[in-house]
file run24.txt (compact mmCIF, C-alpha atoms)
# COMPACT_ATOMS: atom_id res chain seq x y z
CA MET D 11 -2.60 5.60 41.99
CA ALA D 12 -1.92 8.55 39.76
CA GLN D 13 1.01 8.28 37.43
CA ASP D 14 3.95 10.44 38.44
CA ARG D 15 7.02 11.68 36.64
CA GLY D 16 9.37 8.75 36.02
CA ASP D 17 6.72 6.03 36.35
CA ILE D 18 6.66 3.04 34.03
CA VAL D 19 3.33 1.36 33.22
CA LEU D 20 2.95 -2.11 31.70
CA ASP D 21 -0.11 -1.97 29.41
CA VAL D 22 -2.06 -5.05 28.30
CA HIS D 23 -4.20 -4.24 25.22
CA GLY D 24 -7.39 -5.82 23.94
CA SER D 25 -9.85 -4.37 21.42
CA TYR D 26 -12.38 -5.28 18.78
CA THR D 27 -11.26 -4.15 15.32
CA PHE D 28 -13.85 -3.64 12.59
CA SER D 29 -13.48 -4.94 9.03
CA ASN D 30 -12.39 -2.75 6.15
CA ASN D 31 -11.81 -2.82 2.41
CA VAL D 32 -8.52 -1.77 0.80
CA ASN D 33 -8.75 -0.73 -2.86
CA PHE D 34 -5.85 -0.52 -5.26
CA ASP D 35 -5.49 -0.20 -9.05
CA TYR D 36 -6.11 -3.81 -10.05
CA GLY D 37 -8.29 -5.18 -7.24
CA ASP D 38 -9.08 -5.02 -3.57
CA ILE D 39 -8.51 -6.77 -0.25
CA LYS D 40 -11.31 -7.35 2.23
CA ILE D 41 -9.88 -7.45 5.76
CA GLY D 42 -12.20 -9.10 8.28
CA ASP D 43 -12.92 -7.98 11.80
CA GLY D 44 -11.19 -9.51 14.80
CA ILE D 45 -9.62 -9.07 18.20
CA THR D 46 -6.45 -6.98 18.46
CA TYR D 47 -4.28 -7.84 21.45
CA GLY D 48 -0.81 -7.01 22.68
CA ALA D 49 1.34 -5.31 25.29
CA GLY D 50 3.38 -2.18 25.73
CA LEU D 51 5.45 -0.06 28.07
CA GLU D 52 4.53 3.52 28.85
CA PHE D 53 7.11 5.88 30.41
CA PHE D 54 6.07 9.19 31.97
CA PRO D 55 8.78 11.89 31.57
CA GLN D 56 6.09 14.30 32.85
CA LYS D 57 2.96 13.66 34.89
CA SER D 58 0.59 14.43 31.99
CA SER D 59 2.61 13.04 29.03
CA SER D 60 3.95 9.61 28.22
CA ILE D 61 6.16 7.87 25.69
CA GLU D 62 4.91 4.46 24.64
CA LEU D 63 6.39 1.42 22.89
CA LYS D 64 3.94 -1.37 22.07
CA TYR D 65 3.29 -4.49 20.05
CA LEU D 66 -0.22 -5.30 18.77
CA ARG D 67 -1.49 -8.28 16.76
CA LEU D 68 -4.70 -8.73 14.78
CA ASP D 69 -5.54 -12.24 13.53
CA THR D 70 -8.19 -11.91 10.83
CA SER D 71 -9.60 -13.26 7.60
CA MET D 72 -8.54 -11.82 4.26
CA LYS D 73 -10.08 -12.05 0.82
CA ILE D 74 -7.85 -10.81 -1.98
CA ASP D 75 -9.57 -10.13 -5.29
CA VAL D 76 -7.25 -9.40 -8.24
CA PRO D 77 -9.19 -10.27 -11.43
CA LEU D 78 -6.21 -9.81 -13.79
CA ALA D 79 -4.03 -12.18 -11.73
CA GLY D 80 -6.38 -15.14 -11.62
CA GLY D 81 -9.15 -14.32 -9.17
CA ASP D 82 -9.67 -14.62 -5.45
CA VAL D 83 -7.46 -15.80 -2.60
CA ASP D 84 -9.26 -16.47 0.69
CA GLY D 85 -7.71 -17.35 4.02
CA ASP D 86 -6.47 -16.16 7.37
CA GLY D 87 -3.81 -13.54 7.84
CA ALA D 88 -2.48 -11.24 10.52
CA PHE D 89 -1.22 -7.74 11.18
CA ASN D 90 1.67 -7.30 13.63
CA TYR D 91 2.19 -3.68 14.69
CA ILE D 92 5.27 -2.31 16.41
CA LEU D 93 4.59 1.33 17.30
CA ILE D 94 6.33 4.07 19.24
CA GLY D 95 4.35 7.11 20.22
CA GLY D 96 2.90 8.97 23.11
CA ASN D 97 -0.15 10.09 25.01
CA HIS D 98 -1.21 13.37 26.54
CA TYR D 99 -3.44 13.12 29.62
CA PHE D 100 -5.79 15.97 30.48
CA ASP D 101 -5.54 15.46 34.25
CA ASN D 102 -8.44 17.20 35.94
CA GLY D 103 -7.96 15.85 39.45
CA ASN D 104 -10.62 13.15 38.99
CA ASN D 105 -10.13 9.39 38.72
CA ALA D 106 -11.33 9.44 35.08
CA VAL D 107 -8.69 11.19 32.95
CA PRO D 108 -9.27 11.80 29.21
CA TYR D 109 -6.32 11.40 26.85
CA LEU D 110 -5.27 11.67 23.20
CA GLY D 111 -2.32 9.97 21.60
CA GLY D 112 -0.66 8.66 18.50
CA GLY D 113 2.17 6.57 17.21
CA LEU D 114 4.37 5.69 14.25
CA GLY D 115 5.99 2.43 13.36
CA MET D 116 5.68 -0.62 11.18
CA ALA D 117 3.10 -3.23 10.28
CA ILE D 118 4.23 -6.73 9.42
CA THR D 119 1.39 -8.21 7.38
CA GLU D 120 1.07 -11.98 7.04
CA GLY D 121 -0.97 -12.93 3.98
CA PRO D 122 -3.33 -15.89 3.53
CA SER D 123 -0.98 -17.55 1.01
CA GLY D 124 2.02 -17.33 3.31
CA GLY D 125 4.79 -14.79 3.25
CA SER D 126 4.88 -11.40 4.91
CA ASP D 127 5.36 -7.76 4.02
CA THR D 128 6.63 -4.93 6.22
CA ASN D 129 5.23 -1.43 5.72
CA PHE D 130 4.82 1.92 7.43
CA ALA D 131 1.98 2.25 9.99
CA TRP D 132 0.53 5.07 12.09
CA GLU D 133 -2.07 5.29 14.85
CA ILE D 134 -4.28 7.93 16.46
CA LYS D 135 -6.30 7.24 19.59
CA GLY D 136 -8.36 8.78 22.33
CA GLY D 137 -10.04 7.58 25.45
CA VAL D 138 -10.35 7.83 29.19
CA LYS D 139 -8.04 6.31 31.82
CA ILE D 140 -9.79 5.21 35.01
CA LYS D 141 -7.43 5.27 37.99
CA THR D 142 -7.92 3.00 40.98
CA ALA D 143 -6.43 2.92 44.48
CA SER D 144 -4.23 -0.04 43.48
CA ILE D 145 -1.47 -0.33 40.88
CA LEU D 146 -4.12 -1.23 38.26
CA SER D 147 -5.74 1.29 35.92
CA ILE D 148 -8.23 0.65 33.14
CA SER D 149 -8.36 2.69 29.93
CA LEU D 150 -11.27 2.65 27.50
CA GLN D 151 -10.22 3.84 24.06
CA ALA D 152 -11.04 4.20 20.39
CA ASN D 153 -8.17 3.96 17.91
CA LEU D 154 -7.49 4.12 14.20
CA ILE D 155 -4.46 2.30 12.78
CA SER D 156 -3.44 2.73 9.15
CA THR D 157 -0.98 0.70 7.12
CA VAL D 158 0.54 2.28 4.00
CA ALA D 159 1.77 -0.18 1.35
CA PRO D 160 3.14 0.35 -2.16
CA ALA D 161 0.67 -0.96 -4.75
CA GLY D 162 2.22 -0.56 -8.17
CA THR D 163 2.75 2.56 -10.25
CA ASP D 164 0.68 5.06 -12.15
CA THR D 165 2.01 6.42 -15.42
CA TYR D 166 1.58 10.05 -16.44
CA TRP D 167 2.57 11.75 -19.66
CA GLY D 168 4.86 14.69 -19.02
CA TYR D 169 6.79 17.12 -21.15
CA TRP D 170 9.69 14.68 -21.54
CA GLY D 171 7.51 11.57 -22.01
CA PRO D 172 5.91 9.01 -19.70
CA VAL D 173 6.66 9.27 -15.97
CA ALA D 174 5.98 6.42 -13.53
CA VAL D 175 4.85 7.47 -10.04
CA GLN D 176 4.60 5.08 -7.09
CA ASP D 177 1.01 4.31 -6.04
CA TYR D 178 0.02 3.36 -2.46
CA ALA D 179 -2.81 1.42 -0.82
CA TYR D 180 -4.06 2.45 2.62
CA SER D 181 -5.85 0.29 5.18
CA TYR D 182 -7.80 2.02 7.95
CA GLN D 183 -8.62 -0.23 10.90
CA PHE D 184 -10.90 1.23 13.57
CA GLY D 185 -11.06 -0.41 16.98
CA LEU D 186 -12.77 -0.07 20.36
CA GLY D 187 -11.19 -1.63 23.41
CA ALA D 188 -9.65 -1.58 26.85
CA ILE D 189 -6.16 -1.37 28.27
CA PHE D 190 -5.19 -2.73 31.67
CA GLY D 191 -2.24 -0.75 33.05
CA PHE D 192 0.04 -1.95 35.84
CA ASN D 193 1.91 0.98 37.41
CA PHE D 194 5.41 0.16 38.69

call {"tool": "encode", "arguments": {"input": "run24.txt", "output": "structure tokens"}}
result
Amino acid sequence: MAQDRGDIVLDVHGSYTFSNNVNFDYGDIKIGDGITYGAGLEFFPQKSSSIELKYLRLDTSMKIDVPLAGGDVDGDGAFNYILIGGNHYFDNGNNAVPYLGGGLGMAITEGPSGGSDTNFAWEIKGGVKIKTASILSISLQANLISTVAPAGTDTYWGYWGPVAVQDYAYSYQFGLGAIFGFNF
């Protein structure tokens, strides 16, 4: 079934997310690969555009290396993403419809030593949605999710003296996966 104006689709997400390394002034964090899973709702105000609200979770290993603070911390952690965004479908009349999309929201990061931190997150994605004759559709997609976290300050010497400027660390997590959509 093709999505129509006013349709709501329940999306079940699953993807493989590759590892990455986050560098900051006094060390780095190695984020392992893992499976990202979650669910979302997609509303179609127009036939070719949707608004999406979703929750994704990545359980992964983390290795934090901060030499000045006493060395390494190894363990398991997680990223919990709550994103709102949208998709644009390039409907060509076929059952395989390409799309591009993005989202903004927050990432709640659970560290290996306990505790959590909430930061800004964004996502870009692209893929193809395969429509079937039933209420089920399958989307194959590639996505990039980034978390932006404050990571100390840098100090610069200005005309009036030293100036401290906030420094940020960026994680870039690339994933390949599938979405099962149930059209209501």

call {"tool": "closest_residue", "arguments": {"input": "run24.txt", "among": "D:Phe184, D:Phe194, D:Tyr26, D:Phe130", "to": "D:Leu93", "atoms": "all atoms listed in the file"}}
result
D:Phe130

call {"tool": "residues_around", "arguments": {"input": "run24.txt", "residues": "D:Ser25", "least_positions_apart": "4", "cutoff": "7 Å", "atoms": "only C-alpha atoms", "output": "PyMOL selection string"}}
result
chain D and resi 45-47+185-188

call {"tool": "residues_around", "arguments": {"input": "run24.txt", "residues": "D:Ser123", "least_positions_apart": "6", "cutoff": "9 Å", "atoms": "all atoms listed in the file", "output": "list in words"}}
result
Val83, Asp84, Gly85, Asp86 and Gly87 of chain D

call {"tool": "residues_around", "arguments": {"input": "run24.txt", "residues": "D:Ile41", "least_positions_apart": "6", "cutoff": "12 Å", "atoms": "all atoms listed in the file", "output": "MDAnalysis selection string"}}
result
chainID D and resid 27:33 68:75 84:89 119:122 180:184

call {"tool": "atom_distance", "arguments": {"input": "run24.txt", "atom1": "atom CA of D:Tyr109", "atom2": "atom CA of D:Asn193"}}
result
17.0 Å

call {"tool": "closest_residue", "arguments": {"input": "run24.txt", "among": "D:Phe100, D:Trp132, D:Phe53, D:Tyr178", "to": "D:Gly112", "atoms": "only C-alpha atoms"}}
result
D:Trp132

call {"tool": "atom_distance", "arguments": {"input": "run24.txt", "atom1": "atom CA of D:Gln176", "atom2": "atom CA of D:Gly37"}}
result
16.5 Å

call {"tool": "atom_distance", "arguments": {"input": "run24.txt", "atom1": "atom CA of D:Ser149", "atom2": "atom CA of D:Ile118"}}
result
25.8 Å

call {"tool": "residues_near_point", "arguments": {"input": "run24.txt", "point": "(0.7, 1.4, 16.7)", "cutoff": "7 Å", "atoms": "all atoms listed in the file", "output": "list in words"}}
result
Lys64, Tyr91, Ile92, Leu93, Ile94, Gly113, Leu114, Gly115, Ala131, Trp132, Glu133 and Ile155 of chain D

call {"tool": "closest_residue", "arguments": {"input": "run24.txt", "among": "D:Arg67, D:Val76, D:His23, D:Gly136", "to": "D:Tyr99", "atoms": "all atoms listed in the file"}}
result
D:Gly136

call {"tool": "residues_around", "arguments": {"input": "run24.txt", "residues": "D:Ser60", "least_positions_apart": "6", "cutoff": "9 Å", "atoms": "only C-alpha atoms", "output": "count of residues only"}}
result
8

call {"tool": "axis_aligned_box", "arguments": {"input": "run24.txt", "around": "stretch 44-55 of chain D", "padding_each_side": "5 Å", "output": "AutoDock Vina command-line options"}}
result
--center_x -1.2 --center_y 1.2 --center_z 23.4 --size_x 30.0 --size_y 31.4 --size_z 27.2

call {"tool": "residues_around", "arguments": {"input": "run24.txt", "residues": "D:Phe192", "least_positions_apart": "6", "cutoff": "7 Å", "atoms": "all atoms listed in the file", "output": "PyMOL selection string"}}
result
chain D and resi 19-21+145-147

call {"tool": "decode", "arguments": {"input": "run24.txt", "residues": "stretch 27-43 of chain D", "atoms": "all heavy atoms", "output": "compact mmCIF listing (two decimals), in the first residue's frame"}}
result
# COMPACT_ATOMS: atom_id res chain seq x y z
N THR D 27 25.66 -0.48 13.49
CA THR D 27 26.37 0.79 13.61
C THR D 27 27.85 0.50 13.79
O THR D 27 28.25 -0.29 14.64
CB THR D 27 25.82 1.59 14.81
OG1 THR D 27 24.42 1.81 14.61
CG2 THR D 27 26.53 2.93 14.93
N PHE D 28 28.67 1.17 12.98
CA PHE D 28 30.11 0.96 12.99
C PHE D 28 30.77 1.72 14.13
O PHE D 28 30.23 2.71 14.63
CB PHE D 28 30.71 1.40 11.64
CG PHE D 28 30.22 0.58 10.49
CD1 PHE D 28 29.09 0.94 9.79
CD2 PHE D 28 30.89 -0.57 10.12
CE1 PHE D 28 28.63 0.18 8.73
CE2 PHE D 28 30.44 -1.35 9.07
CZ PHE D 28 29.30 -0.97 8.37
N SER D 29 31.94 1.27 14.54
CA SER D 29 32.67 1.91 15.63
C SER D 29 33.24 3.27 15.19
O SER D 29 33.37 3.53 14.01
CB SER D 29 33.82 1.01 16.10
OG SER D 29 34.73 0.80 15.06
N ASN D 30 33.56 4.08 16.17
CA ASN D 30 34.21 5.36 15.87
C ASN D 30 35.04 5.82 17.05
O ASN D 30 34.96 5.28 18.14
CB ASN D 30 33.19 6.40 15.37
CG ASN D 30 32.59 7.29 16.41
OD1 ASN D 30 32.73 7.10 17.61
ND2 ASN D 30 31.88 8.29 15.97
N ASN D 31 35.85 6.83 16.80
CA ASN D 31 36.76 7.37 17.81
C ASN D 31 36.44 8.85 17.99
O ASN D 31 36.37 9.59 17.01
CB ASN D 31 38.21 7.17 17.35
CG ASN D 31 39.19 7.43 18.46
OD1 ASN D 31 38.91 7.19 19.62
ND2 ASN D 31 40.36 7.92 18.09
N VAL D 32 36.24 9.28 19.22
CA VAL D 32 35.94 10.67 19.52
C VAL D 32 37.15 11.27 20.22
O VAL D 32 37.54 10.82 21.30
CB VAL D 32 34.69 10.79 20.43
CG1 VAL D 32 34.40 12.25 20.75
CG2 VAL D 32 33.49 10.12 19.79
N ASN D 33 37.74 12.28 19.62
CA ASN D 33 38.91 12.95 20.19
C ASN D 33 38.50 14.25 20.86
O ASN D 33 37.63 14.96 20.37
CB ASN D 33 39.94 13.26 19.09
CG ASN D 33 40.50 12.00 18.48
OD1 ASN D 33 40.93 11.11 19.18
ND2 ASN D 33 40.45 11.93 17.16
N PHE D 34 39.13 14.53 21.99
CA PHE D 34 38.96 15.82 22.64
C PHE D 34 40.31 16.22 23.21
O PHE D 34 41.29 15.49 23.07
CB PHE D 34 37.85 15.79 23.70
CG PHE D 34 37.93 14.67 24.69
CD1 PHE D 34 38.55 14.85 25.90
CD2 PHE D 34 37.38 13.44 24.39
CE1 PHE D 34 38.63 13.82 26.81
CE2 PHE D 34 37.44 12.39 25.30
CZ PHE D 34 38.08 12.59 26.51
N ASP D 35 40.41 17.40 23.82
CA ASP D 35 41.69 17.99 24.20
C ASP D 35 42.60 17.07 25.00
O ASP D 35 43.79 17.00 24.75
CB ASP D 35 41.46 19.28 24.99
CG ASP D 35 41.05 20.43 24.10
OD1 ASP D 35 41.17 20.30 22.88
OD2 ASP D 35 40.60 21.45 24.64
N TYR D 36 42.07 16.36 25.97
CA TYR D 36 42.92 15.62 26.90
C TYR D 36 42.79 14.10 26.78
O TYR D 36 43.16 13.38 27.69
CB TYR D 36 42.62 16.05 28.34
CG TYR D 36 42.82 17.53 28.52
CD1 TYR D 36 41.75 18.38 28.67
CD2 TYR D 36 44.10 18.07 28.49
CE1 TYR D 36 41.94 19.75 28.81
CE2 TYR D 36 44.30 19.43 28.64
CZ TYR D 36 43.22 20.26 28.80
OH TYR D 36 43.41 21.60 28.93
N GLY D 37 42.25 13.61 25.68
CA GLY D 37 42.11 12.17 25.52
C GLY D 37 41.18 11.81 24.37
O GLY D 37 40.95 12.60 23.46
N ASP D 38 40.68 10.59 24.44
CA ASP D 38 39.74 10.13 23.42
C ASP D 38 38.86 9.03 23.98
O ASP D 38 39.15 8.43 25.01
CB ASP D 38 40.48 9.65 22.17
CG ASP D 38 41.36 8.45 22.43
OD1 ASP D 38 40.84 7.33 22.37
OD2 ASP D 38 42.56 8.63 22.70
N ILE D 39 37.76 8.78 23.26
CA ILE D 39 36.83 7.71 23.59
C ILE D 39 36.68 6.84 22.35
O ILE D 39 36.38 7.35 21.27
CB ILE D 39 35.45 8.26 24.01
CG1 ILE D 39 35.56 9.18 25.21
CG2 ILE D 39 34.47 7.12 24.27
CD1 ILE D 39 34.27 9.89 25.55
N LYS D 40 36.88 5.56 22.52
CA LYS D 40 36.65 4.60 21.44
C LYS D 40 35.29 3.97 21.67
O LYS D 40 35.07 3.28 22.66
CB LYS D 40 37.75 3.55 21.42
CG LYS D 40 39.09 4.12 21.00
CD LYS D 40 40.19 3.08 21.09
CE LYS D 40 41.52 3.64 20.67
NZ LYS D 40 42.01 4.76 21.44
N ILE D 41 34.37 4.23 20.73
CA ILE D 41 33.01 3.70 20.80
C ILE D 41 32.95 2.49 19.89
O ILE D 41 33.26 2.58 18.70
CB ILE D 41 31.98 4.76 20.37
CG1 ILE D 41 32.07 5.99 21.29
CG2 ILE D 41 30.57 4.17 20.40
CD1 ILE D 41 31.29 7.17 20.80
N GLY D 42 32.58 1.34 20.43
CA GLY D 42 32.53 0.11 19.66
C GLY D 42 31.34 0.06 18.72
O GLY D 42 30.43 0.89 18.78
N ASP D 43 31.34 -0.95 17.86
CA ASP D 43 30.22 -1.15 16.97
C ASP D 43 29.11 -1.89 17.71
O ASP D 43 29.31 -2.39 18.82
CB ASP D 43 30.64 -1.90 15.72
CG ASP D 43 31.37 -3.20 16.04
OD1 ASP D 43 31.62 -3.47 17.22
OD2 ASP D 43 31.67 -3.94 15.10
